[in-house]
file final.cif (mmCIF, N, CA and C atoms)
data_protein
loop_
_atom_site.label_atom_id
_atom_site.label_comp_id
_atom_site.auth_asym_id
_atom_site.auth_seq_id
_atom_site.Cartn_x
_atom_site.Cartn_y
_atom_site.Cartn_z
N MET A 1 91.59 101.25 112.89
CA MET A 1 91.17 101.87 111.66
C MET A 1 89.80 101.34 111.25
N SER A 2 88.98 102.24 110.70
CA SER A 2 87.67 101.82 110.21
C SER A 2 87.85 101.07 108.89
N LYS A 3 86.78 100.43 108.46
CA LYS A 3 86.82 99.71 107.18
C LYS A 3 87.17 100.67 106.05
N LEU A 4 86.57 101.86 106.07
CA LEU A 4 86.82 102.85 105.02
C LEU A 4 88.29 103.24 104.97
N THR A 5 88.85 103.63 106.11
CA THR A 5 90.23 104.08 106.10
C THR A 5 91.19 102.93 105.78
N GLU A 6 90.82 101.73 106.15
CA GLU A 6 91.63 100.57 105.79
C GLU A 6 91.62 100.36 104.28
N GLU A 7 90.43 100.48 103.67
CA GLU A 7 90.33 100.32 102.21
C GLU A 7 91.10 101.43 101.49
N LEU A 8 91.01 102.64 102.01
CA LEU A 8 91.75 103.75 101.41
C LEU A 8 93.26 103.52 101.53
N SER A 9 93.69 103.01 102.66
CA SER A 9 95.11 102.68 102.83
C SER A 9 95.55 101.64 101.82
N ASN A 10 94.71 100.63 101.62
CA ASN A 10 95.02 99.58 100.65
C ASN A 10 95.04 100.12 99.22
N HIS A 11 94.36 101.23 99.00
CA HIS A 11 94.31 101.87 97.67
C HIS A 11 95.49 102.82 97.47
N GLY A 12 96.34 102.94 98.49
CA GLY A 12 97.54 103.76 98.35
C GLY A 12 97.49 105.10 99.06
N CYS A 13 96.45 105.35 99.82
CA CYS A 13 96.34 106.61 100.56
C CYS A 13 97.10 106.49 101.88
N ASP A 14 97.82 107.52 102.24
CA ASP A 14 98.53 107.54 103.51
C ASP A 14 97.57 108.03 104.58
N MET A 15 96.77 107.11 105.10
CA MET A 15 95.71 107.49 106.03
C MET A 15 96.26 107.90 107.39
N LYS A 16 97.43 107.41 107.75
CA LYS A 16 98.00 107.80 109.04
C LYS A 16 98.25 109.31 109.05
N VAL A 17 98.91 109.81 108.02
CA VAL A 17 99.19 111.25 107.92
C VAL A 17 97.89 112.03 107.72
N THR A 18 97.02 111.53 106.87
CA THR A 18 95.76 112.24 106.57
C THR A 18 94.91 112.36 107.81
N LEU A 19 94.77 111.29 108.56
CA LEU A 19 93.93 111.35 109.76
C LEU A 19 94.49 112.28 110.82
N GLU A 20 95.79 112.51 110.80
CA GLU A 20 96.37 113.49 111.73
C GLU A 20 95.78 114.87 111.47
N ARG A 21 95.54 115.20 110.18
CA ARG A 21 94.92 116.48 109.84
C ARG A 21 93.50 116.58 110.38
N PHE A 22 92.87 115.41 110.58
CA PHE A 22 91.50 115.35 111.07
C PHE A 22 91.46 114.97 112.55
N LEU A 23 92.59 115.14 113.21
CA LEU A 23 92.74 114.86 114.65
C LEU A 23 92.27 113.46 115.01
N GLY A 24 92.46 112.52 114.07
CA GLY A 24 92.11 111.13 114.32
C GLY A 24 90.63 110.84 114.26
N ASP A 25 89.82 111.80 113.91
CA ASP A 25 88.36 111.64 113.88
C ASP A 25 87.93 111.04 112.54
N GLU A 26 87.81 109.73 112.51
CA GLU A 26 87.47 109.03 111.26
C GLU A 26 86.05 109.33 110.80
N ASP A 27 85.12 109.55 111.72
CA ASP A 27 83.76 109.90 111.32
C ASP A 27 83.74 111.25 110.62
N PHE A 28 84.49 112.21 111.15
CA PHE A 28 84.56 113.52 110.53
C PHE A 28 85.24 113.42 109.16
N TYR A 29 86.29 112.62 109.07
CA TYR A 29 86.97 112.41 107.79
C TYR A 29 85.98 111.86 106.76
N GLU A 30 85.22 110.85 107.15
CA GLU A 30 84.26 110.24 106.22
C GLU A 30 83.23 111.27 105.75
N LYS A 31 82.75 112.10 106.67
CA LYS A 31 81.79 113.14 106.30
C LYS A 31 82.42 114.10 105.29
N CYS A 32 83.65 114.51 105.55
CA CYS A 32 84.35 115.43 104.64
C CYS A 32 84.62 114.76 103.28
N LEU A 33 84.95 113.47 103.30
CA LEU A 33 85.19 112.75 102.06
C LEU A 33 83.92 112.70 101.22
N ARG A 34 82.80 112.43 101.85
CA ARG A 34 81.52 112.42 101.12
C ARG A 34 81.26 113.77 100.47
N GLU A 35 81.47 114.83 101.23
CA GLU A 35 81.25 116.18 100.70
C GLU A 35 82.22 116.46 99.56
N MET A 36 83.46 116.08 99.73
CA MET A 36 84.47 116.34 98.71
C MET A 36 84.11 115.62 97.41
N LEU A 37 83.70 114.36 97.50
CA LEU A 37 83.39 113.60 96.29
C LEU A 37 82.11 114.08 95.61
N ASN A 38 81.32 114.87 96.32
CA ASN A 38 80.11 115.45 95.73
C ASN A 38 80.32 116.92 95.35
N ASP A 39 81.55 117.38 95.42
CA ASP A 39 81.84 118.78 95.11
C ASP A 39 81.49 119.08 93.65
N SER A 40 80.92 120.25 93.43
CA SER A 40 80.50 120.65 92.08
C SER A 40 81.68 120.84 91.13
N SER A 41 82.88 120.94 91.65
CA SER A 41 84.05 121.16 90.79
C SER A 41 84.27 120.02 89.79
N PHE A 42 83.87 118.80 90.14
CA PHE A 42 84.00 117.68 89.21
C PHE A 42 83.18 117.96 87.95
N GLU A 43 81.91 118.29 88.16
CA GLU A 43 81.01 118.57 87.04
C GLU A 43 81.43 119.84 86.30
N GLU A 44 81.79 120.87 87.05
CA GLU A 44 82.20 122.13 86.44
C GLU A 44 83.45 121.96 85.57
N LEU A 45 84.36 121.11 86.00
CA LEU A 45 85.56 120.84 85.22
C LEU A 45 85.20 120.20 83.88
N GLY A 46 84.35 119.20 83.92
CA GLY A 46 83.93 118.54 82.68
C GLY A 46 83.23 119.50 81.74
N LYS A 47 82.37 120.33 82.28
CA LYS A 47 81.64 121.30 81.46
C LYS A 47 82.61 122.31 80.84
N ALA A 48 83.54 122.80 81.64
CA ALA A 48 84.51 123.78 81.14
C ALA A 48 85.38 123.18 80.04
N ILE A 49 85.79 121.93 80.19
CA ILE A 49 86.58 121.28 79.15
C ILE A 49 85.76 121.16 77.88
N ASP A 50 84.51 120.72 78.01
CA ASP A 50 83.63 120.59 76.85
C ASP A 50 83.44 121.92 76.14
N GLU A 51 83.34 122.99 76.92
CA GLU A 51 83.09 124.32 76.36
C GLU A 51 84.38 125.05 75.98
N LYS A 52 85.52 124.36 76.14
CA LYS A 52 86.83 124.95 75.81
C LYS A 52 87.12 126.22 76.61
N ASP A 53 86.65 126.24 77.86
CA ASP A 53 86.85 127.37 78.76
C ASP A 53 88.04 127.06 79.67
N VAL A 54 89.22 127.44 79.21
CA VAL A 54 90.46 127.11 79.92
C VAL A 54 90.49 127.70 81.32
N LYS A 55 90.06 128.94 81.46
CA LYS A 55 90.12 129.61 82.77
C LYS A 55 89.26 128.87 83.80
N SER A 56 88.02 128.55 83.43
CA SER A 56 87.13 127.84 84.36
C SER A 56 87.63 126.42 84.62
N ALA A 57 88.16 125.79 83.58
CA ALA A 57 88.68 124.43 83.76
C ALA A 57 89.85 124.45 84.74
N PHE A 58 90.74 125.42 84.59
CA PHE A 58 91.88 125.52 85.51
C PHE A 58 91.40 125.74 86.93
N GLU A 59 90.44 126.66 87.12
CA GLU A 59 89.95 126.96 88.47
C GLU A 59 89.35 125.72 89.12
N SER A 60 88.55 124.96 88.37
CA SER A 60 87.94 123.75 88.92
C SER A 60 89.00 122.70 89.23
N ALA A 61 89.95 122.53 88.31
CA ALA A 61 91.01 121.54 88.52
C ALA A 61 91.86 121.92 89.73
N HIS A 62 92.14 123.20 89.86
CA HIS A 62 92.96 123.67 90.98
C HIS A 62 92.23 123.43 92.31
N THR A 63 90.93 123.66 92.33
CA THR A 63 90.12 123.38 93.52
C THR A 63 90.21 121.90 93.86
N LEU A 64 90.05 121.04 92.86
CA LEU A 64 90.10 119.60 93.09
C LEU A 64 91.48 119.14 93.55
N LYS A 65 92.49 119.81 93.08
CA LYS A 65 93.86 119.49 93.51
C LYS A 65 93.99 119.70 95.01
N GLY A 66 93.51 120.83 95.50
CA GLY A 66 93.57 121.12 96.93
C GLY A 66 92.74 120.15 97.74
N LEU A 67 91.54 119.85 97.25
CA LEU A 67 90.66 118.91 97.96
C LEU A 67 91.28 117.52 98.04
N ALA A 68 91.78 117.04 96.91
CA ALA A 68 92.38 115.70 96.89
C ALA A 68 93.60 115.63 97.81
N ALA A 69 94.39 116.69 97.81
CA ALA A 69 95.58 116.71 98.67
C ALA A 69 95.17 116.70 100.14
N ASN A 70 94.22 117.54 100.51
CA ASN A 70 93.79 117.60 101.91
C ASN A 70 93.15 116.31 102.38
N MET A 71 92.48 115.61 101.47
CA MET A 71 91.81 114.36 101.85
C MET A 71 92.75 113.15 101.75
N GLY A 72 93.96 113.37 101.28
CA GLY A 72 94.93 112.28 101.19
C GLY A 72 94.65 111.30 100.07
N LEU A 73 93.93 111.73 99.04
CA LEU A 73 93.58 110.86 97.93
C LEU A 73 94.69 110.95 96.87
N ASP A 74 95.78 110.29 97.15
CA ASP A 74 97.00 110.43 96.35
C ASP A 74 96.81 110.04 94.89
N SER A 75 96.10 108.96 94.62
CA SER A 75 95.93 108.55 93.22
C SER A 75 95.08 109.56 92.46
N MET A 76 94.10 110.15 93.11
CA MET A 76 93.30 111.19 92.48
C MET A 76 94.13 112.46 92.29
N LEU A 77 94.92 112.78 93.28
CA LEU A 77 95.78 113.96 93.20
C LEU A 77 96.73 113.85 92.00
N ASP A 78 97.30 112.69 91.80
CA ASP A 78 98.21 112.49 90.67
C ASP A 78 97.52 112.80 89.34
N ILE A 79 96.27 112.40 89.21
CA ILE A 79 95.52 112.65 87.97
C ILE A 79 95.19 114.13 87.84
N VAL A 80 94.77 114.75 88.93
CA VAL A 80 94.41 116.17 88.88
C VAL A 80 95.63 117.02 88.50
N VAL A 81 96.80 116.65 88.99
CA VAL A 81 98.02 117.39 88.64
C VAL A 81 98.25 117.32 87.12
N GLU A 82 97.89 116.19 86.50
CA GLU A 82 98.01 116.06 85.04
C GLU A 82 97.12 117.07 84.32
N LEU A 83 96.07 117.53 84.98
CA LEU A 83 95.16 118.53 84.42
C LEU A 83 95.62 119.95 84.71
N VAL A 84 96.00 120.18 85.95
CA VAL A 84 96.27 121.54 86.41
C VAL A 84 97.40 122.21 85.64
N GLU A 85 98.51 121.53 85.50
CA GLU A 85 99.67 122.19 84.90
C GLU A 85 99.44 122.57 83.43
N PRO A 86 98.92 121.67 82.58
CA PRO A 86 98.64 122.12 81.21
C PRO A 86 97.59 123.23 81.16
N LEU A 87 96.55 123.12 81.98
CA LEU A 87 95.51 124.16 81.99
C LEU A 87 96.08 125.50 82.44
N ARG A 88 96.98 125.46 83.40
CA ARG A 88 97.65 126.69 83.85
C ARG A 88 98.34 127.39 82.68
N ASN A 89 98.82 126.57 81.72
CA ASN A 89 99.52 127.10 80.55
C ASN A 89 98.60 127.26 79.34
N GLY A 90 97.29 127.16 79.56
CA GLY A 90 96.32 127.38 78.49
C GLY A 90 96.14 126.23 77.53
N ILE A 91 96.59 125.04 77.92
CA ILE A 91 96.50 123.87 77.04
C ILE A 91 95.26 123.05 77.38
N LEU A 92 94.39 122.85 76.38
CA LEU A 92 93.20 122.03 76.55
C LEU A 92 93.29 120.68 75.83
N ASP A 93 94.20 120.57 74.89
CA ASP A 93 94.34 119.33 74.11
C ASP A 93 94.60 118.16 75.04
N GLY A 94 93.79 117.13 74.91
CA GLY A 94 93.95 115.91 75.68
C GLY A 94 93.37 115.95 77.08
N MET A 95 92.86 117.10 77.49
CA MET A 95 92.34 117.20 78.86
C MET A 95 91.05 116.39 79.04
N ASP A 96 90.30 116.19 77.95
CA ASP A 96 89.08 115.40 78.05
C ASP A 96 89.39 113.95 78.42
N VAL A 97 90.48 113.42 77.91
CA VAL A 97 90.88 112.05 78.22
C VAL A 97 91.31 111.94 79.69
N ILE A 98 92.05 112.92 80.14
CA ILE A 98 92.50 112.90 81.54
C ILE A 98 91.30 113.11 82.47
N TYR A 99 90.36 113.95 82.06
CA TYR A 99 89.14 114.14 82.86
C TYR A 99 88.39 112.82 83.02
N LEU A 100 88.27 112.06 81.95
CA LEU A 100 87.59 110.75 82.05
C LEU A 100 88.33 109.83 83.01
N LYS A 101 89.64 109.88 82.98
CA LYS A 101 90.47 109.09 83.91
C LYS A 101 90.19 109.53 85.35
N LEU A 102 90.08 110.85 85.55
CA LEU A 102 89.76 111.38 86.88
C LEU A 102 88.41 110.87 87.36
N MET A 103 87.43 110.89 86.48
CA MET A 103 86.08 110.45 86.87
C MET A 103 86.04 108.96 87.17
N GLU A 104 86.85 108.17 86.48
CA GLU A 104 86.95 106.74 86.79
C GLU A 104 87.55 106.55 88.19
N GLU A 105 88.56 107.34 88.50
CA GLU A 105 89.17 107.25 89.83
C GLU A 105 88.17 107.70 90.89
N LYS A 106 87.40 108.72 90.60
CA LYS A 106 86.37 109.18 91.54
C LYS A 106 85.38 108.04 91.83
N LYS A 107 85.01 107.29 90.81
CA LYS A 107 84.10 106.15 91.00
C LYS A 107 84.68 105.14 91.98
N GLU A 108 86.00 104.94 91.93
CA GLU A 108 86.64 104.01 92.86
C GLU A 108 86.44 104.49 94.30
N TYR A 109 86.65 105.77 94.52
CA TYR A 109 86.47 106.32 95.86
C TYR A 109 85.00 106.29 96.28
N ASP A 110 84.11 106.53 95.34
CA ASP A 110 82.68 106.44 95.64
C ASP A 110 82.32 105.04 96.12
N LYS A 111 82.93 104.03 95.51
CA LYS A 111 82.66 102.63 95.89
C LYS A 111 83.06 102.38 97.35
N PHE A 112 84.17 102.98 97.78
CA PHE A 112 84.59 102.79 99.16
C PHE A 112 83.55 103.32 100.13
N LEU A 113 82.91 104.42 99.77
CA LEU A 113 81.88 105.00 100.64
C LEU A 113 80.58 104.20 100.58
N ASP A 114 80.32 103.57 99.44
CA ASP A 114 79.09 102.81 99.29
C ASP A 114 79.16 101.45 99.96
N ALA A 115 80.38 100.99 100.23
CA ALA A 115 80.55 99.64 100.80
C ALA A 115 80.03 99.55 102.22
#

call {"tool": "encode", "arguments": {"input": "final.cif", "output": "structure tokens"}}
result
Amino acid sequence: MSKLTEELSNHGCDMKVTLERFLGDEDFYEKCLREMLNDSSFEELGKAIDEKDVKSAFESAHTLKGLAANMGLDSMLDIVVELVEPLRNGILDGMDVIYLKLMEEKKEYDKFLDA
């Protein structure tokens, strides 16, 4: 295992299963992880929440849910699920707090790539 995948494993990600999706190619996984963490959906979600645009917020959160699941980022996925379900039901109350929690978790993953 590379240093990155080892750190992700220590953070609670099931890298064995995740890397199977990437045919064991850790370099390709790292490239995809970098792209995922730079996805515009993070920013779009924050903007939609600020603008009280439930439909756009749901779409961005749903995109992030799929990305986090595919990348095996379980702790991020757990947070995104906290956003998706209320947004699916048109609820925006409290989503700004959960969004901040999501962005803090994103910073943790960013640190793994910067190391």

call {"tool": "residues_around", "arguments": {"input": "final.cif", "residues": "Leu73 of chain A", "least_positions_apart": "4", "cutoff": "8 Å", "atoms": "all atoms listed in the file", "output": "count of residues only"}}
result
10

call {"tool": "select_by_dssp", "arguments": {"input": "final.cif", "residues": "chain A", "states": "alpha helix (DSSP H)", "output": "NGL selection string"}}
result
:A and (3-10 or 15-21 or 26-37 or 41-50 or 54-71 or 74-88 or 95-114)

call {"tool": "resolve_selection", "arguments": {"input": "final.cif", "expression": "the PyMOL selection byres ((chain A and resi 84-87) around 6.5)", "output": "mmCIF file with N, CA and C atoms, in the coordinates of the input"}}
result
data_model
loop_
_atom_site.group_PDB
_atom_site.id
_atom_site.type_symbol
_atom_site.label_atom_id
_atom_site.label_comp_id
_atom_site.auth_asym_id
_atom_site.auth_seq_id
_atom_site.Cartn_x
_atom_site.Cartn_y
_atom_site.Cartn_z
ATOM 1 N N VAL A 54 89.220 127.440 79.210
ATOM 2 C CA VAL A 54 90.460 127.110 79.920
ATOM 3 C C VAL A 54 90.490 127.700 81.320
ATOM 4 N N ALA A 57 88.160 125.790 83.580
ATOM 5 C CA ALA A 57 88.680 124.430 83.760
ATOM 6 C C ALA A 57 89.850 124.450 84.740
ATOM 7 N N PHE A 58 90.740 125.420 84.590
ATOM 8 C CA PHE A 58 91.880 125.520 85.510
ATOM 9 C C PHE A 58 91.400 125.740 86.930
ATOM 10 N N ALA A 61 89.950 122.530 88.310
ATOM 11 C CA ALA A 61 91.010 121.540 88.520
ATOM 12 C C ALA A 61 91.860 121.920 89.730
ATOM 13 N N HIS A 62 92.140 123.200 89.860
ATOM 14 C CA HIS A 62 92.960 123.670 90.980
ATOM 15 C C HIS A 62 92.230 123.430 92.310
ATOM 16 N N ILE A 79 96.270 112.400 89.210
ATOM 17 C CA ILE A 79 95.520 112.650 87.970
ATOM 18 C C ILE A 79 95.190 114.130 87.840
ATOM 19 N N VAL A 80 94.770 114.750 88.930
ATOM 20 C CA VAL A 80 94.410 116.170 88.880
ATOM 21 C C VAL A 80 95.630 117.020 88.500
ATOM 22 N N VAL A 81 96.800 116.650 88.990
ATOM 23 C CA VAL A 81 98.020 117.390 88.640
ATOM 24 C C VAL A 81 98.250 117.320 87.120
ATOM 25 N N GLU A 82 97.890 116.190 86.500
ATOM 26 C CA GLU A 82 98.010 116.060 85.040
ATOM 27 C C GLU A 82 97.120 117.070 84.320
ATOM 28 N N LEU A 83 96.070 117.530 84.980
ATOM 29 C CA LEU A 83 95.160 118.530 84.420
ATOM 30 C C LEU A 83 95.620 119.950 84.710
ATOM 31 N N ARG A 88 96.980 125.460 83.400
ATOM 32 C CA ARG A 88 97.650 126.690 83.850
ATOM 33 C C ARG A 88 98.340 127.390 82.680
ATOM 34 N N ASN A 89 98.820 126.570 81.720
ATOM 35 C CA ASN A 89 99.520 127.100 80.550
ATOM 36 C C ASN A 89 98.600 127.260 79.340
ATOM 37 N N GLY A 90 97.290 127.160 79.560
ATOM 38 C CA GLY A 90 96.320 127.380 78.490
ATOM 39 C C GLY A 90 96.140 126.230 77.530
ATOM 40 N N ILE A 91 96.590 125.040 77.920
ATOM 41 C CA ILE A 91 96.500 123.870 77.040
ATOM 42 C C ILE A 91 95.260 123.050 77.380
ATOM 43 N N LEU A 92 94.390 122.850 76.380
ATOM 44 C CA LEU A 92 93.200 122.030 76.550
ATOM 45 C C LEU A 92 93.290 120.680 75.830
#

call {"tool": "atom_distance", "arguments": {"input": "final.cif", "atom1": "atom C of Met1 of chain A", "atom2": "atom C of Glu26 of chain A"}}
result
8.8 Å

call {"tool": "atom_distance", "arguments": {"input": "final.cif", "atom1": "atom C of Glu6 of chain A", "atom2": "atom CA of Leu113 of chain A"}}
result
11.4 Å

call {"tool": "closest_residue", "arguments": {"input": "final.cif", "among": "A:Asp96, A:Glu59, A:Asp25, A:Asp114", "to": "Gly46 of chain A", "atoms": "only C-alpha atoms"}}
result
A:Asp96

call {"tool": "closest_residue", "arguments": {"input": "final.cif", "among": "A:Thr5, A:Phe28, A:Arg34, A:Asp50", "to": "Met95 of chain A", "atoms": "only N, CA and C atoms"}}
result
A:Asp50

call {"tool": "atom_distance", "arguments": {"input": "final.cif", "atom1": "atom CA of Glu105 of chain A", "atom2": "atom N of Lys52 of chain A"}}
result
22.2 Å

call {"tool": "residues_around", "arguments": {"input": "final.cif", "residues": "Leu4 of chain A", "least_positions_apart": "5", "cutoff": "8 Å", "atoms": "only N, CA and C atoms", "output": "PyMOL selection string"}}
result
chain A and resi 9-10+30+112-113+115

call {"tool": "residues_around", "arguments": {"input": "final.cif", "residues": "Ser60 of chain A", "least_positions_apart": "3", "cutoff": "7 Å", "atoms": "only C-alpha atoms", "output": "number ranges by chain"}}
result
A: 41, 44-45, 56-57, 63-64
